[in-house]
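S.K.: One file: start.txt (compact mmCIF, C-alpha atoms).
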# COMPACT_ATOMS: atom_id res chain seq x y z
CA LEU A 1 1.25 -18.59 3.76
CA LEU A 2 -1.26 -17.32 6.32
CA ALA A 3 -0.46 -20.22 8.66
CA GLU A 4 3.25 -19.45 8.34
CA MET A 5 2.62 -15.80 9.18
CA GLU A 6 0.68 -16.71 12.29
CA ALA A 7 3.31 -19.25 13.33
CA ALA A 8 5.91 -16.47 13.07
CA GLY A 9 3.92 -14.44 15.59
CA TYR A 10 2.16 -11.96 13.31
CA THR A 11 -1.39 -11.11 14.36
CA ALA A 12 -2.28 -8.29 11.94
CA THR A 13 -1.60 -7.07 8.43
CA LEU A 14 -2.83 -4.25 6.25
CA ASP A 15 -2.91 -2.73 2.79
CA PHE A 16 -2.21 -4.11 -0.66
CA PRO A 17 -1.53 -6.92 -1.53
CA MET A 18 -2.49 -8.55 1.78
CA ASN A 19 -6.07 -7.32 1.45
CA LEU A 20 -6.41 -9.80 -1.42
CA PHE A 21 -6.34 -12.56 1.19
CA GLY A 22 -9.63 -11.36 2.71
CA HIS A 23 -11.53 -14.40 1.50
CA SER A 24 -8.90 -16.82 2.84
CA LEU A 25 -8.72 -14.98 6.15
CA ALA A 26 -12.51 -15.09 6.44
CA ALA A 27 -12.44 -18.86 5.93
CA LEU A 28 -9.60 -19.22 8.44
CA ARG A 29 -11.53 -17.22 11.06
CA PRO A 30 -15.21 -18.26 10.82
CA ASP A 31 -16.26 -15.98 13.69
CA ALA A 32 -14.58 -12.85 12.34
CA LYS A 33 -16.58 -9.99 10.87
CA ILE A 34 -15.67 -8.82 7.38
CA LEU A 35 -15.48 -5.09 6.81
CA PHE A 36 -15.07 -3.93 3.22
CA THR A 37 -14.58 -0.18 2.91
CA THR A 38 -16.12 1.21 -0.24
CA ARG A 39 -16.59 4.52 -2.05
CA ASN A 40 -17.42 5.99 -5.45
CA LEU A 41 -15.37 3.84 -7.83
CA ASP A 42 -14.15 6.70 -10.02
CA ALA A 43 -12.91 8.47 -6.89
CA TRP A 44 -11.41 5.20 -5.62
CA PHE A 45 -9.38 4.65 -8.78
CA ALA A 46 -8.23 8.28 -8.82
CA SER A 47 -7.06 7.89 -5.21
CA TRP A 48 -5.36 4.54 -5.93
CA TYR A 49 -3.59 6.09 -8.91
CA ALA A 50 -2.44 9.08 -6.86
CA VAL A 51 -1.13 6.87 -4.06
CA ASN A 52 0.88 4.79 -6.54
CA ASP A 53 2.15 7.91 -8.26
CA VAL A 54 3.24 9.58 -5.03
CA LEU A 55 4.46 6.50 -3.16
CA GLY A 56 5.76 4.71 -6.22
CA ILE A 57 9.11 5.74 -4.79
CA PHE A 58 9.23 2.38 -3.02
CA VAL A 59 9.88 0.58 -6.32
CA LEU A 60 12.75 2.96 -7.11
CA ARG A 61 16.36 3.17 -6.01
CA PRO A 62 17.52 3.51 -3.32
CA TRP A 63 14.37 2.22 -1.59
CA SER A 64 14.00 -0.82 -3.85
CA TRP A 65 17.32 -2.05 -2.43
CA LEU A 66 15.52 -2.50 0.89
CA VAL A 67 12.34 -4.21 -0.36
CA ASP A 68 11.79 -5.65 -3.84
CA PHE A 69 8.11 -4.99 -4.54
CA LYS A 70 8.07 -7.37 -7.49
CA PHE A 71 6.82 -9.92 -4.94
CA THR A 72 3.35 -8.41 -5.50
CA GLU A 73 3.23 -9.68 -9.10
CA PRO A 74 2.87 -13.45 -8.43
CA ILE A 75 0.44 -12.74 -5.58
CA CYS A 76 -1.83 -10.77 -7.90
CA GLN A 77 -1.51 -13.42 -10.60
CA ALA A 78 -2.66 -16.03 -8.08
CA PHE A 79 -5.86 -14.02 -7.73
CA GLY A 80 -6.37 -13.75 -11.48
CA PHE A 81 -5.03 -10.23 -11.92
CA ASP A 82 -1.93 -9.16 -13.83
CA MET A 83 0.04 -6.42 -12.14
CA ILE A 84 3.39 -5.09 -13.37
CA VAL A 85 5.83 -3.35 -11.06
CA ALA A 86 7.75 -0.50 -12.69
CA ARG A 87 11.21 -1.51 -13.90
CA TYR A 88 14.27 0.22 -15.30
CA PRO A 89 14.58 1.18 -18.13
CA ASP A 90 11.06 0.65 -19.50
CA HIS A 91 9.17 2.57 -16.82
CA VAL A 92 11.90 4.26 -14.80
CA ARG A 93 14.54 6.95 -15.36
CA ARG A 94 17.89 6.70 -13.56
CA PRO A 95 19.46 10.18 -13.47
CA LEU A 96 21.97 8.97 -10.87
CA PRO A 97 23.22 5.43 -10.18
CA TRP A 98 21.54 5.43 -6.76
CA PHE A 99 18.43 7.48 -7.57
CA GLU A 100 15.49 6.74 -9.87
CA ARG A 101 12.31 8.50 -10.99
CA LEU A 102 9.11 7.04 -12.43
CA LYS A 103 8.31 7.60 -16.11
CA THR A 104 5.06 5.66 -16.17
CA LEU A 105 2.93 3.34 -14.03
CA PRO A 106 2.71 0.14 -16.11
CA SER A 107 -0.35 -1.22 -14.30
CA LEU A 108 -2.27 2.06 -14.19
CA ASP A 109 -1.39 4.14 -17.26
CA PRO A 110 -2.20 1.85 -20.24
CA PRO A 111 -5.68 2.15 -21.81
CA GLY A 112 -8.27 0.05 -20.00
CA SER A 113 -6.35 0.03 -16.68
CA LYS A 114 -9.11 1.84 -14.80
CA GLU A 115 -11.72 -0.63 -15.97
CA ARG A 116 -9.50 -3.61 -15.05
CA TRP A 117 -8.90 -2.33 -11.53
CA ILE A 118 -12.56 -1.51 -10.92
CA ALA A 119 -13.62 -4.95 -12.17
CA PHE A 120 -11.06 -6.53 -9.82
CA TYR A 121 -12.33 -4.43 -6.93
CA GLU A 122 -15.95 -5.42 -7.60
CA ARG A 123 -15.08 -9.09 -8.05
CA THR A 124 -13.29 -9.13 -4.69
CA ARG A 125 -16.19 -7.41 -2.91
CA ASP A 126 -18.86 -9.56 -4.56
CA ALA A 127 -17.11 -12.83 -3.63
CA LEU A 128 -16.93 -11.83 0.04
CA GLU A 129 -20.55 -10.66 0.14
CA ARG A 130 -21.77 -13.79 -1.65
CA ASP A 131 -19.90 -16.31 0.50
CA TYR A 132 -20.19 -14.57 3.91
CA PRO A 133 -23.42 -12.52 3.81
CA ASP A 134 -24.15 -12.83 7.53
CA ARG A 135 -20.88 -11.25 8.64
CA PHE A 136 -20.09 -8.89 5.77
CA LEU A 137 -20.45 -5.10 5.68
CA ALA A 138 -19.64 -2.82 2.75
CA PHE A 139 -18.86 0.37 4.65
CA ASP A 140 -18.61 3.89 3.28
CA VAL A 141 -16.80 6.16 5.75
CA LYS A 142 -19.10 9.01 4.69
CA ALA A 143 -21.85 7.17 6.59
CA GLY A 144 -20.02 7.91 9.84
CA TRP A 145 -19.70 5.74 12.92
CA ALA A 146 -23.29 4.49 13.25
CA PRO A 147 -23.37 1.60 10.71
CA LEU A 148 -19.88 0.48 11.69
CA LEU A 149 -20.58 0.35 15.42
CA ASP A 150 -23.93 -1.35 14.82
CA PHE A 151 -22.19 -3.98 12.70
CA LEU A 152 -19.58 -4.55 15.41
CA GLY A 153 -22.19 -4.64 18.18
CA VAL A 154 -20.75 -1.61 19.97
CA ASP A 155 -23.11 0.75 21.81
CA ASP A 156 -21.36 4.11 22.04
CA VAL A 157 -23.65 7.12 21.67
CA ALA A 158 -20.82 9.62 22.09
CA ARG A 159 -18.77 7.97 19.35
CA VAL A 160 -21.72 7.91 16.96
CA ALA A 161 -22.11 11.67 17.40
CA SER A 162 -18.42 12.39 16.75
CA PRO A 163 -16.94 13.00 13.27
CA PHE A 164 -15.23 10.12 11.52
CA PRO A 165 -11.43 10.67 11.38
CA ARG A 166 -9.66 11.46 8.13
CA VAL A 167 -5.93 10.72 7.90
CA ASN A 168 -3.45 9.81 5.16
CA ASP A 169 -4.62 12.71 3.02
CA MET A 170 -2.68 13.38 -0.17
CA ASN A 171 -0.81 16.38 1.23
CA SER A 172 0.59 14.19 4.01
CA LEU A 173 1.66 11.55 1.49
CA ARG A 174 3.35 14.19 -0.67
CA ALA A 175 5.25 15.44 2.39
CA VAL A 176 6.47 11.88 3.04
CA ARG A 177 7.49 11.57 -0.61
CA ALA A 178 9.41 14.86 -0.57
CA THR A 179 11.31 13.80 2.55
CA MET A 180 12.21 10.44 1.03
CA ASP A 181 13.35 12.11 -2.18
CA VAL A 182 15.73 14.34 -0.22
CA ILE A 183 17.11 11.35 1.66
CA GLY A 184 17.46 9.26 -1.50
CA LEU A 185 18.99 11.99 -3.63
CA GLY A 186 21.56 12.79 -0.96
CA LEU A 187 22.37 9.16 -0.16
CA PRO A 188 26.15 9.42 -0.74
CA LEU A 189 26.23 12.52 1.48
CA TRP A 190 24.37 10.73 4.29
CA VAL A 191 26.62 7.67 4.00
CA GLY A 192 29.72 9.84 4.10
CA LEU A 193 28.39 11.86 7.04
CA PHE A 194 27.54 8.69 8.95
CA ALA A 195 31.00 7.24 8.28
CA TYR A 196 32.64 10.47 9.45
CA VAL A 197 30.62 10.60 12.68
CA ALA A 198 31.23 6.90 13.33
CA ALA A 199 34.98 7.36 12.81
CA ARG A 200 35.06 10.34 15.19
CA LEU A 201 33.15 8.40 17.85
CA LEU A 202 35.40 5.37 17.46
CA LYS A 203 38.50 7.56 17.74
CA ALA A 204 37.13 9.21 20.88
CA LEU A 205 36.44 5.83 22.46
CA LEU A 206 39.82 4.34 21.62
CA PHE A 207 42.02 7.32 22.33
Starting from the file, lay out its structure as structure tokens.

M.R.:
Amino acid sequence: LLAEMEAAGYTATLDFPMNLFGHSLAALRPDAKILFTTRNLDAWFASWYAVNDVLGIFVLRPWSWLVDFKFTEPICQAFGFDMIVARYPDHVRRPLPWFERLKTLPSLDPPGSKERWIAFYERTRDALERDYPDRFLAFDVKAGWAPLLDFLGVDDVARVASPFPRVNDMNSLRAVRATMDVIGLGLPLWVGLFAYVAARLLKALLF
């Protein structure tokens, strides 16, 4: 899979589930440094839950018509972890044919989910640290720039003295979610408006 991605011209990837390929990527690139961001695990799970709750919209109509996120299930299973993507009607309400809302997060709400995710997190980190100790860093952003730049071999006194950036805060994610809800809920209106504008433009061009 990684070879196919590179052959297609891709040079970077991010986020879940591609971060599960860290070990394979490290083996594929023996000179690459391995940076594993870490934090308090209770806070990490709370953040991961909130992100899935807020951005779970991507597994719902109309957005699921663009990308079917059930592709994450076999990837997780290949790494020894069972993940279930929310499905209608078990986990999803459908108040309108083109618009859905989450009822529950099947991989995060059941009892024991927090412990399963934390164990998976620790197993992933421990495998990387065990197999690539000379080029591995578990990095907590609260430590600031200094340990990161030292690990990367970058000498930048001004950067070390500057605050570490903080983006993708929950308020920003909620704003994205609200915008997508408006677009999704009004989908027939947007389609009709687009068709009307397109018809007017076509008429103007032809006549």

S.K.: Near Asp156 in chain A, counting only C-alpha atoms, which residues have an atom at most 10 Å away, once you skip same-chain residues fewer than 6 positions from it, shown as an NGL selection string?

M.R.: :A and (145-146 or 149-150)

S.K.: Based on the selection just made, write C-alpha atoms of those residues as a PDB file, keeping the file's coordinate frame.

M.R.:
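What follows is the written file result.pdb:
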ATOM      1  CA  TRP A 145     -19.700   5.740  12.920  1.00  0.00           C
ATOM      2  CA  ALA A 146     -23.290   4.490  13.250  1.00  0.00           C
ATOM      3  CA  LEU A 149     -20.580   0.350  15.420  1.00  0.00           C
ATOM      4  CA  ASP A 150     -23.930  -1.350  14.820  1.00  0.00           C
TER       5      ASP A 150
END

S.K.: Which residues are close to range 111-114 of chain A, i.e. within 9 Å by all atoms listed in the file, leaving aside same-chain residues fewer than 6 positions away? Reply as number ranges by chain.

M.R.: A: 42, 45-46

S.K.: Could you work out how far CA of Arg135 in chain A lies from CA of Ile34 in chain A, giving the answer in Å with one decimal?

M.R.: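 CA of Arg135 in chain A lies at a distance of 5.9 Å from CA of Ile34 in chain A.
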
S.K.: For Leu60 in chain A, work out the shell of residues within 7 Å, counting only C-alpha atoms and skipping chain neighbours fewer than 4 positions away, then give it as a short mmCIF file (atom, residue, chain, number, x, y, z; two decimals) with C-alpha atoms, keeping the file's coordinate frame.

M.R.:
data_model
loop_
_atom_site.label_atom_id
_atom_site.label_comp_id
_atom_site.auth_asym_id
_atom_site.auth_seq_id
_atom_site.Cartn_x
_atom_site.Cartn_y
_atom_site.Cartn_z
CA SER A 64 14.00 -0.82 -3.85
CA GLU A 100 15.49 6.74 -9.87
CA ARG A 101 12.31 8.50 -10.99
#

S.K.: Of the candidates A:Val197, A:Gly184, A:Leu189, A:Ala7, which shows the shortest atom-to-atom distance to Trp65 in chain A, using only C-alpha atoms?

M.R.: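 Looking only at the distances to Trp65 in chain A, the closest residue turns out to be A:Gly184.
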
S.K.: Using CA of Leu66 in chain A and CA of Asp181 in chain A as the two end points, give the distance in Å to one decimal.

M.R.: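 About the pair CA of Leu66 in chain A and CA of Asp181 in chain A: they are 15.1 Å apart.
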
S.K.: So which one's closest to Thr104 in chain A, A:Val92, A:Ala161, A:Leu55, A:Met18? Using all atoms listed in the file, please.

M.R.: A:Val92

S.K.: Would you work out the distance separating CA of Glu115 in chain A from CA of Leu1 in chain A, expressed in Å to one decimal?

M.R.: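 So the answer is 29.7 Å.
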
S.K.: Do a neighbour search on Pro30 in chain A at 12 Å with only C-alpha atoms, toss out local chain neighbours closer than 6 positions, and write the hits as number ranges by chain.

M.R.: A: 23-24, 131-132, 134-136

S.K.: Which residues are close to Phe71 in chain A, i.e. within 12 Å by all atoms listed in the file, leaving aside same-chain residues fewer than 3 positions away? Reply as a list in words.

M.R.: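 Everything that qualifies: Phe16, Pro17, Met18, Val59, Ser64, Val67, Asp68, Pro74, Ile75, Cys76, Gln77, Ala78, Met83, Ile84 and Val85 of chain A.
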
S.K.: With all atoms listed in the file as the basis for distance, which of A:Arg39, A:Arg177, A:Arg116, A:Arg130 is at the shortest distance from Asn52 in chain A?

M.R.: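 Residue with the minimum atom-to-atom distance to Asn52 in chain A: A:Arg177.
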
S.K.: Using all atoms listed in the file, which residue out of A:Thr37, A:Ala43, A:Ala199, A:Leu20 lies closest to Ile118 in chain A?

M.R.: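 Going through A:Thr37, A:Ala43, A:Ala199, A:Leu20 one by one, the smallest distance to Ile118 in chain A is for A:Ala43.
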